[in-house]
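This report concerns only the one structure given below.
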Amino acid sequence: MIISYHEIENKWKKFWKEKECYKSDFTTNLDKKLYTLVMFSYPSSDKLHLGHWFNYAPADTWARFKKMQGYNIFEPMGFDSFGLPAENYAVKTGVNPNITTDNNINYIREQLKEIGAMYDWDHEVITSHPDYYKWTQWLFLKLFEKGLAYRDKAAVNWCPQDQTVLANEQVVDGECERCGTPVIKKKLTQWFFRITDYADELLEGLEKLDWPEKTKLMQENWIGKSRGLTIKFQTINFPDEKIEVFTTRPDTLFGVTYMVLAPEHPLVEKLTLPEYMVQVEDYISQSLKSSEIERLSTTREKSGVFTGSYAINPINNQKVPIWIGDYVLSTYGTGAVMAVPGHDVRDFEFATKFKHPIIKVILKKGEKADSELKEAFTDKGIMINSGSYNDLNSIEGGKKIGDDLKKNGSAEWTTQYRLRDWLISRQRYWGVPIPIIHCVDCGQVKVPEEQLPVLLPEDVDFNPHGTSPLATSESFVNTTCPSCGKQAKREVDTMDTFVCSSWYYLRYPDSKNEKDPFNKELINKLLPVDKYIGGSEHATMHLLYSRFITKALRDIGYLSFDEPFKSLVHQGVIKGPDGNRMSKSKGNVINPDTYIKEFGGDVFRLYLMFGFAYTDGGPWDDSGITAVDRFLRRIWRLIESTDEFYKNDGADTDTFEEPEKSLRRVLHNSIKGIVEDTERFHFNTSISRLMELTNELYKYTQTRNEKNYNKELLKSTIKNLVLLLSPFTPHFGEELWQKIGEVPSVFNNEFPTYNKEFLTVNEIDWVIQINGKIRDRISADINLNKQAAEQMALNLQRIKDILSDKTIRKIIVVPKKLVNIVAN
């Protein structure tokens with residue numbers, strides 16, 4: 001049997017295009033609108049990889065399933081096309097990223113069409129095209145007007161050799177990936193978005209979202225809201241300076257034996273005495289080579305250096321030394337900690353190494369006060385060695401200490417957040433130019449909206465010179481101030497690419513709008529996105545930034561909703577056959593094109609859904625793909641073989657015995673399982689149900705001959721099988737639909753529904769025993785009560801004959817199974 005999957009797929013792609021089957025319609029049925037969206041791809045190369053297929057194809061199956069349930073589907077696609085790889089390629093070749101990126105997009109767009117998804121390409125967005133980034137610049141200006149965009153100094157990764165800022169991805173083992181030079185931290189003036197203004201709302205909004213609990217917890221921890229005490233420690237050497245620390249455990253204050261400042265803390269230079277300056281500067285230089293993740297590692301050996309200065313503990317007036325240690329970050333809390341080694345793991349390690357005193361001030365239940373602390377006790381308990389606060393529990397004592405210090409002006413109860421404002425500046429070329437002009441007289445002046453977009457210049461030098469590549473274009477930099485008309489300079493930083501993706505879901509429905517970023521009335525009807533699908537790695541960046549932007553635009557007056565994505569699904573990761581993440585350097589990258597060429601898109605997408613749990617993924621293994629191919633061919637043969645059945649007009653259409661009941665039961669159980677599992681993105685179990693139904697159809701046609709079968713039941717079951725299969729294999733489904741004599745498109749038909757009455761067996765073969773020996777069987781209602789079951793058994797002629805000369809002593813009924821008559 002020859003099936004040309006490629007011919008079938010080309011045929012139906014042409015049909016869908018000519019009939020505009022997937023053209024979005026926002027004029028009707030908006031009460032059942034369903035905006036389903038996958039995170040758009042980054043065209044860093046000219047090929048879709050396996051991960052794209054695993055993300056996009058199953059997501060389209062879900063969308064087609066919902067379409068057949070009567071929903072008005074909007075399923076767009078676009079390209080997140082600004083970014084570092086294209087610029088790196090430009091540095092190597094001198095080719096403008098615009099050229100290579102557009103070439104990649106054109107190629108990938110055609111590859112995406114192989115998936116057979118319902119993408120409405122009329123709504124495509126490409127973030128690196130001026131018709132899109134004009135509105136990204138508009139977004140910046142709106143935030144600037146609202147006071148949510150501002151400029152300040154911040155530490156960045158700096159390569160001394162190349163004289164350029166590096167993204168975190170460009171720092172490998174503390175060195176520049178381009179030249180191998182050790183990377184340092186350097187403070188530069190940068191642009192920020194005030195995401196911290198929305199910290200509380202971002203936390204509270206998580207409760208109403210249908211998102212994975214793990215993702216919500218990651219955002220909650222990233223925002224990191226803590227209620228505690230901000231305490232001022234007076235320095236001894238410099239009486240005009242106080243060090244502020246934030247703690248959630250004021251009950252441990254009597255256990256402070258030293259203080260630690262982050263290397264970047266603004267007081268480090270002032271508090272370091274001259275005789276300690278060289279070692280402090282050396283330590284700072286070394287610490288700035290480490291990433292925050294490395295510095296926070298629990299397995300990393302603690303390091304530090306003494307400044308020579310001391311501070312006074314305000315609760316007991318004890319003198320404590322001030323150290324610097326890179327396990328303290330300037331970006332968290334106040335950038336300074338009061339070290340309590342007896343009750344903090346990191347402080348215990350630091351104190352043990354540098355011989356600081358370790359004082360026990362919280363007593364564990366059942367432990368003696370004078371027992372040695374072999375590790376930090378971090379739970380709450382009873383306060384000891386704490387003066388007048390002794391014998392109080394941690395909660396009561398901590399509150400009393402805080403209140404007492406507040407009375408004398410040494411502390412305040414405050415709320416702190418781990419979240420920091422979003423640094424959006426990039427000293428890059430391939431990004432959105434920030435629409436700000438710097439004027440000596442007027443300061444920071446926004447580019448007038450009618451002058452947007454501020455286009456990327458082409459006369460730039462991509463090679464690193466210590467400044468943004470845009471600064472090398474005099475025609476770009478030199479301009480006039482919109483306010484006073486004098487000579488001025490353009491901002492030369494570009495925006496973080498996450499700004500582009502923080503609002504793209506708003507542009508899709510109205511992507512050709514030249515007057516506005518989107519039509520407010522339309523967007524407020526279509527959004528929020530009903531189902532968003534993408535990787536969990538974006539939990540604390542893209543997903544958080546999009547929530548912030550949505551809330552900000554709501555407050556500015558453009559949106560009537562405050563969350564961008566109502567429901568979220570994370571797809572798993574398909575790893576290399578060796579179990580590691582796929583990468584070219586490891587040589588374990590799997591090219592899907594090989595399989596598409598051999599089997600076609602439908603077989604490949606069906607195998608991805610059958611061979612791997614969608615939310616888990618797993619190591620790549622193609623051993624089952626031929627089995628999936630055989631499964632589809634088996635359905636094809638089944639439909640061809642039943643053609644002979646249909647041609648027989650003499651079939652007994654009233655036949656409805658056990659084979660018919662079994663087929664009907666399997667059909668309705670299959671429908672129930674497929675509906676429930678597909679809704680939950682459990683595609684592998686849905687496909688198993690399709691296989692069970694196919695097996696039952698083969699069993700039925702083999703049990704019944706061409707003259708003795710239920711014609712209507714067989715035709716109906718075949719029809720339902722094609723409807724159930726089609727979302728998984730859209731081209732093949734269309735072909736089968738036409739093959740059984742139906743009018744395409746199959747997706748204009750309702751998805752099958754099940755009848756509860758047909759899910760279970762209504763009759764069973766009751767076993768009839770006499771004195772424990774089987775004497776007869778009878779098919780009857782499964783739910784017979786005891787009296788009815790007894791009467792049924794006693795009415796059987798064979799049982800009557802055996803009992804004719806016996807006396808019945810007892811009748812035992814085992815519900816839904818047997819009747820045992822005890823007689824002698």
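Labels for the structure tokens follow display order: chains A, B, ..., residues from 1 in each chain, ligands from 1.
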Spatial neighbours of Thr594 of chain A, max dist 12 Å, only C-alpha atoms, sep filter under 2 positions, as an MDAnalysis selection string:
chainID A and resid 48:50 589:592 596:601 604 622
Give me, as JSON lines, the closest atom pair and its distance (Å, one decimal) for every residue of segment 90-196 of chain A within a cut-off of 9 Å of segment 279-288 of chain A, counting only C-alpha atoms, rows sorted by chain and rising number.
{"residue": "A:Asn157", "atom": "CA", "partner": "A:Leu288", "partner_atom": "CA", "distance": 8.9}
{"residue": "A:Val183", "atom": "CA", "partner": "A:Leu288", "partner_atom": "CA", "distance": 8.1}
{"residue": "A:Ile184", "atom": "CA", "partner": "A:Leu288", "partner_atom": "CA", "distance": 5.5}
{"residue": "A:Lys185", "atom": "CA", "partner": "A:Leu288", "partner_atom": "CA", "distance": 5.3}
{"residue": "A:Lys186", "atom": "CA", "partner": "A:Leu288", "partner_atom": "CA", "distance": 8.7}
Run DSSP on the backbone of this structure and report the residues of segment 227-427 of chain A it assigns to strand (DSSP E or B), as a PyMOL selection string.
chain A and resi 227-235+242-247+258-261+305-312+319-324+336-339+362-363+382-383+393+411-416+422-423+425-426
Going by DSSP on the backbone, which bits of segment 312-493 of chain A are alpha helix (DSSP H)? Write them as a PDB file with N, CA, C and O atoms, in the first residue's frame, please.
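The result, written out as selection-v5.pdb:
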ATOM      1  N   VAL A 345      23.424  29.828  58.286  1.00  0.00           N
ATOM      2  CA  VAL A 345      24.362  28.851  57.731  1.00  0.00           C
ATOM      3  C   VAL A 345      25.567  29.530  57.097  1.00  0.00           C
ATOM      4  O   VAL A 345      26.726  29.148  57.334  1.00  0.00           O
ATOM      5  N   ARG A 346      25.315  30.551  56.267  1.00  0.00           N
ATOM      6  CA  ARG A 346      26.443  31.209  55.580  1.00  0.00           C
ATOM      7  C   ARG A 346      27.338  31.943  56.579  1.00  0.00           C
ATOM      8  O   ARG A 346      28.570  31.923  56.454  1.00  0.00           O
ATOM      9  N   ASP A 347      26.724  32.601  57.562  1.00  0.00           N
ATOM     10  CA  ASP A 347      27.508  33.301  58.585  1.00  0.00           C
ATOM     11  C   ASP A 347      28.329  32.318  59.417  1.00  0.00           C
ATOM     12  O   ASP A 347      29.465  32.617  59.825  1.00  0.00           O
ATOM     13  N   PHE A 348      27.762  31.123  59.672  1.00  0.00           N
ATOM     14  CA  PHE A 348      28.473  30.102  60.447  1.00  0.00           C
ATOM     15  C   PHE A 348      29.733  29.666  59.702  1.00  0.00           C
ATOM     16  O   PHE A 348      30.816  29.549  60.294  1.00  0.00           O
ATOM     17  N   GLU A 349      29.604  29.434  58.388  1.00  0.00           N
ATOM     18  CA  GLU A 349      30.759  29.025  57.584  1.00  0.00           C
ATOM     19  C   GLU A 349      31.832  30.117  57.574  1.00  0.00           C
ATOM     20  O   GLU A 349      33.032  29.833  57.698  1.00  0.00           O
ATOM     21  N   PHE A 350      31.396  31.373  57.406  1.00  0.00           N
ATOM     22  CA  PHE A 350      32.312  32.508  57.355  1.00  0.00           C
ATOM     23  C   PHE A 350      33.027  32.655  58.694  1.00  0.00           C
ATOM     24  O   PHE A 350      34.256  32.824  58.755  1.00  0.00           O
ATOM     25  N   ALA A 351      32.275  32.585  59.794  1.00  0.00           N
ATOM     26  CA  ALA A 351      32.850  32.757  61.132  1.00  0.00           C
ATOM     27  C   ALA A 351      33.824  31.635  61.457  1.00  0.00           C
ATOM     28  O   ALA A 351      34.873  31.858  62.091  1.00  0.00           O
ATOM     29  N   THR A 352      33.491  30.427  61.068  1.00  0.00           N
ATOM     30  CA  THR A 352      34.374  29.280  61.320  1.00  0.00           C
ATOM     31  C   THR A 352      35.706  29.473  60.607  1.00  0.00           C
ATOM     32  O   THR A 352      36.784  29.215  61.173  1.00  0.00           O
ATOM     33  N   LYS A 353      35.651  29.952  59.358  1.00  0.00           N
ATOM     34  CA  LYS A 353      36.877  30.134  58.577  1.00  0.00           C
ATOM     35  C   LYS A 353      37.738  31.263  59.142  1.00  0.00           C
ATOM     36  O   LYS A 353      38.968  31.144  59.223  1.00  0.00           O
ATOM     37  N   PHE A 354      37.087  32.379  59.534  1.00  0.00           N
ATOM     38  CA  PHE A 354      37.848  33.570  59.949  1.00  0.00           C
ATOM     39  C   PHE A 354      37.897  33.763  61.465  1.00  0.00           C
ATOM     40  O   PHE A 354      38.273  34.842  61.949  1.00  0.00           O
ATOM     41  N   SER A 394      10.994  33.299  70.156  1.00  0.00           N
ATOM     42  CA  SER A 394      11.578  34.103  69.076  1.00  0.00           C
ATOM     43  C   SER A 394      10.630  35.163  68.543  1.00  0.00           C
ATOM     44  O   SER A 394      11.027  36.313  68.294  1.00  0.00           O
ATOM     45  N   ILE A 395       9.372  34.787  68.337  1.00  0.00           N
ATOM     46  CA  ILE A 395       8.422  35.728  67.747  1.00  0.00           C
ATOM     47  C   ILE A 395       8.165  36.893  68.691  1.00  0.00           C
ATOM     48  O   ILE A 395       8.252  38.071  68.306  1.00  0.00           O
ATOM     49  N   GLU A 396       7.867  36.570  69.950  1.00  0.00           N
ATOM     50  CA  GLU A 396       7.581  37.630  70.933  1.00  0.00           C
ATOM     51  C   GLU A 396       8.810  38.497  71.190  1.00  0.00           C
ATOM     52  O   GLU A 396       8.743  39.729  71.208  1.00  0.00           O
ATOM     53  N   GLY A 397       9.969  37.840  71.365  1.00  0.00           N
ATOM     54  CA  GLY A 397      11.192  38.578  71.651  1.00  0.00           C
ATOM     55  C   GLY A 397      11.641  39.440  70.480  1.00  0.00           C
ATOM     56  O   GLY A 397      12.092  40.570  70.661  1.00  0.00           O
ATOM     57  N   GLY A 398      11.514  38.919  69.260  1.00  0.00           N
ATOM     58  CA  GLY A 398      11.898  39.689  68.084  1.00  0.00           C
ATOM     59  C   GLY A 398      11.060  40.936  67.925  1.00  0.00           C
ATOM     60  O   GLY A 398      11.584  42.012  67.589  1.00  0.00           O
ATOM     61  N   LYS A 399       9.762  40.793  68.181  1.00  0.00           N
ATOM     62  CA  LYS A 399       8.874  41.961  68.080  1.00  0.00           C
ATOM     63  C   LYS A 399       9.221  42.997  69.143  1.00  0.00           C
ATOM     64  O   LYS A 399       9.240  44.202  68.875  1.00  0.00           O
ATOM     65  N   LYS A 400       9.526  42.535  70.344  1.00  0.00           N
ATOM     66  CA  LYS A 400       9.850  43.473  71.437  1.00  0.00           C
ATOM     67  C   LYS A 400      11.150  44.208  71.144  1.00  0.00           C
ATOM     68  O   LYS A 400      11.258  45.423  71.355  1.00  0.00           O
ATOM     69  N   ILE A 401      12.156  43.481  70.641  1.00  0.00           N
ATOM     70  CA  ILE A 401      13.426  44.137  70.282  1.00  0.00           C
ATOM     71  C   ILE A 401      13.191  45.198  69.211  1.00  0.00           C
ATOM     72  O   ILE A 401      13.697  46.326  69.293  1.00  0.00           O
ATOM     73  N   GLY A 402      12.411  44.850  68.190  1.00  0.00           N
ATOM     74  CA  GLY A 402      12.132  45.806  67.124  1.00  0.00           C
ATOM     75  C   GLY A 402      11.421  47.042  67.627  1.00  0.00           C
ATOM     76  O   GLY A 402      11.781  48.177  67.260  1.00  0.00           O
ATOM     77  N   ASP A 403      10.435  46.837  68.469  1.00  0.00           N
ATOM     78  CA  ASP A 403       9.690  47.984  69.005  1.00  0.00           C
ATOM     79  C   ASP A 403      10.577  48.851  69.882  1.00  0.00           C
ATOM     80  O   ASP A 403      10.494  50.092  69.846  1.00  0.00           O
ATOM     81  N   ASP A 404      11.437  48.231  70.681  1.00  0.00           N
ATOM     82  CA  ASP A 404      12.328  49.004  71.555  1.00  0.00           C
ATOM     83  C   ASP A 404      13.328  49.812  70.747  1.00  0.00           C
ATOM     84  O   ASP A 404      13.609  50.988  71.051  1.00  0.00           O
ATOM     85  N   LEU A 405      13.913  49.187  69.692  1.00  0.00           N
ATOM     86  CA  LEU A 405      14.870  49.919  68.856  1.00  0.00           C
ATOM     87  C   LEU A 405      14.188  51.031  68.072  1.00  0.00           C
ATOM     88  O   LEU A 405      14.794  52.080  67.794  1.00  0.00           O
ATOM     89  N   LYS A 406      12.935  50.815  67.722  1.00  0.00           N
ATOM     90  CA  LYS A 406      12.193  51.859  67.006  1.00  0.00           C
ATOM     91  C   LYS A 406      11.996  53.074  67.906  1.00  0.00           C
ATOM     92  O   LYS A 406      12.092  54.229  67.453  1.00  0.00           O
ATOM     93  N   LYS A 407      11.751  52.838  69.186  1.00  0.00           N
ATOM     94  CA  LYS A 407      11.533  53.947  70.132  1.00  0.00           C
ATOM     95  C   LYS A 407      12.762  54.834  70.257  1.00  0.00           C
ATOM     96  O   LYS A 407      12.647  56.049  70.395  1.00  0.00           O
ATOM     97  N   GLU A 474      27.792  59.170  13.275  1.00  0.00           N
ATOM     98  CA  GLU A 474      27.588  60.600  13.540  1.00  0.00           C
ATOM     99  C   GLU A 474      26.227  61.062  13.029  1.00  0.00           C
ATOM    100  O   GLU A 474      25.581  61.919  13.634  1.00  0.00           O
ATOM    101  N   SER A 475      25.783  60.495  11.911  1.00  0.00           N
ATOM    102  CA  SER A 475      24.491  60.903  11.356  1.00  0.00           C
ATOM    103  C   SER A 475      23.349  60.523  12.289  1.00  0.00           C
ATOM    104  O   SER A 475      22.299  61.171  12.296  1.00  0.00           O
ATOM    105  N   PHE A 476      23.556  59.480  13.091  1.00  0.00           N
ATOM    106  CA  PHE A 476      22.535  59.075  14.053  1.00  0.00           C
ATOM    107  C   PHE A 476      22.623  59.898  15.334  1.00  0.00           C
ATOM    108  O   PHE A 476      21.621  60.406  15.832  1.00  0.00           O
ATOM    109  N   VAL A 477      23.824  60.034  15.846  1.00  0.00           N
ATOM    110  CA  VAL A 477      24.018  60.665  17.159  1.00  0.00           C
ATOM    111  C   VAL A 477      23.657  62.147  17.144  1.00  0.00           C
ATOM    112  O   VAL A 477      22.928  62.640  18.013  1.00  0.00           O
TER     113      VAL A 477
END
In Å to one decimal, how far is atom CA of Ile358 of chain A from atom CA of Pro341 of chain A?
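Atom CA of Pro341 of chain A sits 5.5 Å away from atom CA of Ile358 of chain A.
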Fewer than 6 positions away in the same chain doesn't count, so skip those; otherwise give me all residues within 10 Å of Asn221 of chain A, counting only C-alpha atoms, as a list in words.
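Surrounding residues, per the criterion: Leu203, Thr215, Tyr417, Arg418, Leu419 and Thr540 of chain A.
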Could you name the residues that touch Thr415 of chain A at 10 Å or less, counting only C-alpha atoms, but leaving out those on the same chain fewer than 2 positions away, as a list in words?
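Listed by chain and then number, they are Lys225, Ser226, Arg227, Gly228, Leu229, Thr230, Phe246, Thr248, Gly333, Glu412, Trp413 and Tyr417 of chain A.
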Output for the residues just chosen: N, CA and C atoms as a PDB file, in the first residue's frame:
ATOM      1  N   LYS A 225       9.151  39.191  48.732  1.00  0.00           N
ATOM      2  CA  LYS A 225       8.655  40.133  49.732  1.00  0.00           C
ATOM      3  C   LYS A 225       8.956  39.641  51.142  1.00  0.00           C
ATOM      4  N   SER A 226       9.560  40.493  51.947  1.00  0.00           N
ATOM      5  CA  SER A 226       9.888  40.140  53.332  1.00  0.00           C
ATOM      6  C   SER A 226       9.511  41.296  54.248  1.00  0.00           C
ATOM      7  N   ARG A 227       8.886  40.953  55.352  1.00  0.00           N
ATOM      8  CA  ARG A 227       8.574  41.931  56.388  1.00  0.00           C
ATOM      9  C   ARG A 227       9.588  41.766  57.503  1.00  0.00           C
ATOM     10  N   GLY A 228      10.262  42.849  57.864  1.00  0.00           N
ATOM     11  CA  GLY A 228      11.287  42.737  58.888  1.00  0.00           C
ATOM     12  C   GLY A 228      11.686  44.082  59.467  1.00  0.00           C
ATOM     13  N   LEU A 229      12.895  44.108  60.017  1.00  0.00           N
ATOM     14  CA  LEU A 229      13.389  45.298  60.717  1.00  0.00           C
ATOM     15  C   LEU A 229      14.618  45.843  60.009  1.00  0.00           C
ATOM     16  N   THR A 230      14.596  47.127  59.676  1.00  0.00           N
ATOM     17  CA  THR A 230      15.789  47.799  59.159  1.00  0.00           C
ATOM     18  C   THR A 230      16.480  48.470  60.339  1.00  0.00           C
ATOM     19  N   PHE A 246      18.920  44.901  56.918  1.00  0.00           N
ATOM     20  CA  PHE A 246      17.524  44.430  57.007  1.00  0.00           C
ATOM     21  C   PHE A 246      17.541  42.996  57.493  1.00  0.00           C
ATOM     22  N   THR A 248      14.906  39.672  59.054  1.00  0.00           N
ATOM     23  CA  THR A 248      13.603  39.110  59.441  1.00  0.00           C
ATOM     24  C   THR A 248      13.726  38.388  60.776  1.00  0.00           C
ATOM     25  N   GLY A 333      18.402  43.294  49.592  1.00  0.00           N
ATOM     26  CA  GLY A 333      18.346  43.962  50.883  1.00  0.00           C
ATOM     27  C   GLY A 333      19.047  45.302  50.811  1.00  0.00           C
ATOM     28  N   GLU A 412      13.463  50.590  62.154  1.00  0.00           N
ATOM     29  CA  GLU A 412      12.090  50.766  61.655  1.00  0.00           C
ATOM     30  C   GLU A 412      11.606  49.427  61.113  1.00  0.00           C
ATOM     31  N   TRP A 413      10.319  49.125  61.356  1.00  0.00           N
ATOM     32  CA  TRP A 413       9.713  47.962  60.710  1.00  0.00           C
ATOM     33  C   TRP A 413       9.475  48.303  59.237  1.00  0.00           C
ATOM     34  N   TYR A 417      11.976  43.943  49.267  1.00  0.00           N
ATOM     35  CA  TYR A 417      11.736  43.054  48.126  1.00  0.00           C
ATOM     36  C   TYR A 417      13.071  42.640  47.525  1.00  0.00           C
TER      37      TYR A 417
END
Could you give me, as a VMD selection string, the residues within 10 Å of Thr127 of chain A, counting only C-alpha atoms and dropping anything in the same chain fewer than 2 positions from it?
chain A and resid 42 78 to 82 124 to 125 129 to 136 431 to 432 497 500 to 501 504
Give me a file of those residues, with N, CA and C atoms, as a PDB file, in the first residue's frame.
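The resulting file, selection_9.pdb, is shown below:
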ATOM      1  N   TYR A  42      12.974  32.681  18.015  1.00  0.00           N
ATOM      2  CA  TYR A  42      14.067  33.605  17.734  1.00  0.00           C
ATOM      3  C   TYR A  42      14.852  33.066  16.547  1.00  0.00           C
ATOM      4  N   GLY A  78       4.900  34.768  14.938  1.00  0.00           N
ATOM      5  CA  GLY A  78       5.807  35.845  14.545  1.00  0.00           C
ATOM      6  C   GLY A  78       7.231  35.502  14.939  1.00  0.00           C
ATOM      7  N   PHE A  79       8.092  36.536  14.995  1.00  0.00           N
ATOM      8  CA  PHE A  79       9.522  36.298  15.217  1.00  0.00           C
ATOM      9  C   PHE A  79      10.104  37.337  16.173  1.00  0.00           C
ATOM     10  N   ASP A  80      10.752  36.828  17.205  1.00  0.00           N
ATOM     11  CA  ASP A  80      11.443  37.658  18.191  1.00  0.00           C
ATOM     12  C   ASP A  80      12.856  37.877  17.679  1.00  0.00           C
ATOM     13  N   SER A  81      13.022  38.842  16.788  1.00  0.00           N
ATOM     14  CA  SER A  81      14.171  38.820  15.875  1.00  0.00           C
ATOM     15  C   SER A  81      15.331  39.747  16.210  1.00  0.00           C
ATOM     16  N   PHE A  82      15.228  40.550  17.281  1.00  0.00           N
ATOM     17  CA  PHE A  82      16.412  41.269  17.748  1.00  0.00           C
ATOM     18  C   PHE A  82      17.195  40.344  18.681  1.00  0.00           C
ATOM     19  N   GLU A 124       1.183  38.277  11.333  1.00  0.00           N
ATOM     20  CA  GLU A 124       2.574  38.080  11.724  1.00  0.00           C
ATOM     21  C   GLU A 124       3.185  39.370  12.282  1.00  0.00           C
ATOM     22  N   VAL A 125       4.039  39.231  13.310  1.00  0.00           N
ATOM     23  CA  VAL A 125       4.848  40.350  13.794  1.00  0.00           C
ATOM     24  C   VAL A 125       6.318  39.949  13.744  1.00  0.00           C
ATOM     25  N   HIS A 129      11.483  44.708  12.671  1.00  0.00           N
ATOM     26  CA  HIS A 129      11.008  45.569  11.595  1.00  0.00           C
ATOM     27  C   HIS A 129      10.498  46.895  12.158  1.00  0.00           C
ATOM     28  N   PRO A 130      10.770  47.988  11.474  1.00  0.00           N
ATOM     29  CA  PRO A 130      10.366  49.299  11.993  1.00  0.00           C
ATOM     30  C   PRO A 130       8.877  49.429  12.290  1.00  0.00           C
ATOM     31  N   ASP A 131       8.021  48.714  11.542  1.00  0.00           N
ATOM     32  CA  ASP A 131       6.590  48.839  11.803  1.00  0.00           C
ATOM     33  C   ASP A 131       6.193  48.205  13.132  1.00  0.00           C
ATOM     34  N   TYR A 132       7.091  47.431  13.706  1.00  0.00           N
ATOM     35  CA  TYR A 132       6.861  46.915  15.063  1.00  0.00           C
ATOM     36  C   TYR A 132       7.620  47.736  16.096  1.00  0.00           C
ATOM     37  N   TYR A 133       8.923  47.943  15.867  1.00  0.00           N
ATOM     38  CA  TYR A 133       9.685  48.583  16.945  1.00  0.00           C
ATOM     39  C   TYR A 133       9.375  50.074  17.078  1.00  0.00           C
ATOM     40  N   LYS A 134       8.675  50.642  16.106  1.00  0.00           N
ATOM     41  CA  LYS A 134       8.121  51.989  16.299  1.00  0.00           C
ATOM     42  C   LYS A 134       7.256  52.015  17.549  1.00  0.00           C
ATOM     43  N   TRP A 135       6.480  50.946  17.735  1.00  0.00           N
ATOM     44  CA  TRP A 135       5.541  50.912  18.860  1.00  0.00           C
ATOM     45  C   TRP A 135       6.211  50.432  20.145  1.00  0.00           C
ATOM     46  N   THR A 136       7.345  49.745  20.031  1.00  0.00           N
ATOM     47  CA  THR A 136       8.140  49.454  21.224  1.00  0.00           C
ATOM     48  C   THR A 136       8.716  50.756  21.765  1.00  0.00           C
ATOM     49  N   GLY A 431      19.098  46.029  18.341  1.00  0.00           N
ATOM     50  CA  GLY A 431      18.022  46.175  19.300  1.00  0.00           C
ATOM     51  C   GLY A 431      17.258  47.446  18.986  1.00  0.00           C
ATOM     52  N   VAL A 432      16.266  47.762  19.800  1.00  0.00           N
ATOM     53  CA  VAL A 432      15.437  48.946  19.557  1.00  0.00           C
ATOM     54  C   VAL A 432      16.126  50.182  20.118  1.00  0.00           C
ATOM     55  N   THR A 497      16.033  42.992  24.644  1.00  0.00           N
ATOM     56  CA  THR A 497      15.065  42.371  23.729  1.00  0.00           C
ATOM     57  C   THR A 497      13.820  41.873  24.459  1.00  0.00           C
ATOM     58  N   CYS A 500      10.793  43.961  23.729  1.00  0.00           N
ATOM     59  CA  CYS A 500      10.040  43.627  22.510  1.00  0.00           C
ATOM     60  C   CYS A 500       9.005  42.542  22.773  1.00  0.00           C
ATOM     61  N   SER A 501       9.400  41.518  23.533  1.00  0.00           N
ATOM     62  CA  SER A 501       8.491  40.391  23.771  1.00  0.00           C
ATOM     63  C   SER A 501       7.541  40.639  24.936  1.00  0.00           C
ATOM     64  N   TYR A 504       4.192  41.837  22.694  1.00  0.00           N
ATOM     65  CA  TYR A 504       3.888  41.385  21.328  1.00  0.00           C
ATOM     66  C   TYR A 504       2.505  40.772  21.200  1.00  0.00           C
TER      67      TYR A 504
END
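The protein and nucleic acid residues lying at most 10 Å from Met495 of chain A are Phe82, Thr136, Gln137, Phe140, Trp191, Phe192, Leu423, Ile424, Ser425, Arg426, Gln427, Arg428, Tyr429, Trp430, Gly431, Val432, Pro433, Ile434, Pro435 and Cys500 of chain A, with only C-alpha atoms considered and sequence neighbours fewer than 5 positions away removed.
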Using C-alpha atoms, can you export the residues from the last selection as a compact mmCIF listing (two decimals), in the first residue's frame?
# COMPACT_ATOMS: atom_id res chain seq x y z
CA PHE A 82 16.41 41.27 17.75
CA THR A 136 8.14 49.45 21.22
CA GLN A 137 9.60 52.96 21.27
CA PHE A 140 9.05 53.35 26.25
CA TRP A 191 17.99 52.94 31.71
CA PHE A 192 15.54 51.15 34.02
CA LEU A 423 17.63 47.26 33.64
CA ILE A 424 16.79 47.62 29.94
CA SER A 425 19.90 49.33 28.54
CA ARG A 426 22.09 47.38 26.16
CA GLN A 427 25.26 48.69 24.56
CA ARG A 428 24.34 46.82 21.39
CA TYR A 429 23.44 47.56 17.79
CA TRP A 430 20.80 44.93 17.08
CA GLY A 431 18.02 46.18 19.30
CA VAL A 432 15.44 48.95 19.56
CA PRO A 433 16.99 52.43 19.81
CA ILE A 434 15.87 54.23 22.97
CA PRO A 435 13.88 57.28 21.81
CA CYS A 500 10.04 43.63 22.51
Record the distance separating atom CA of Phe728 of chain A and atom CA of Ile115 of chain A, expressed in Å with one decimal.
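If I compute the distance from atom CA of Phe728 of chain A to atom CA of Ile115 of chain A, I get 10.9 Å.
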Point-to-point distance in Å for atom CA of Gly557 of chain A and atom CA of Lys208 of chain A
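Calculated distance between atom CA of Lys208 of chain A and atom CA of Gly557 of chain A is 22.2 Å.
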Nearest to Pro43 of chain A by atom-to-atom distance, counting only C-alpha atoms, from A:Ser670, A:Asn104, A:Asn10, A:Thr753
A:Asn104
So which residues touch Glu75 of chain A within 7 Å, counting only C-alpha atoms, skipping near sequence neighbours fewer than 2 positions away, as JSON, numbers by chain?
{"A": [35, 36, 37, 73, 77, 118, 119, 120]}
Which residue, A:Glu204, A:Asp197, A:Ser330, A:Pro76, has the smallest gap to Ala155 of chain A when you use only C-alpha atoms?
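So, comparing all the options, the nearest one is A:Ser330.
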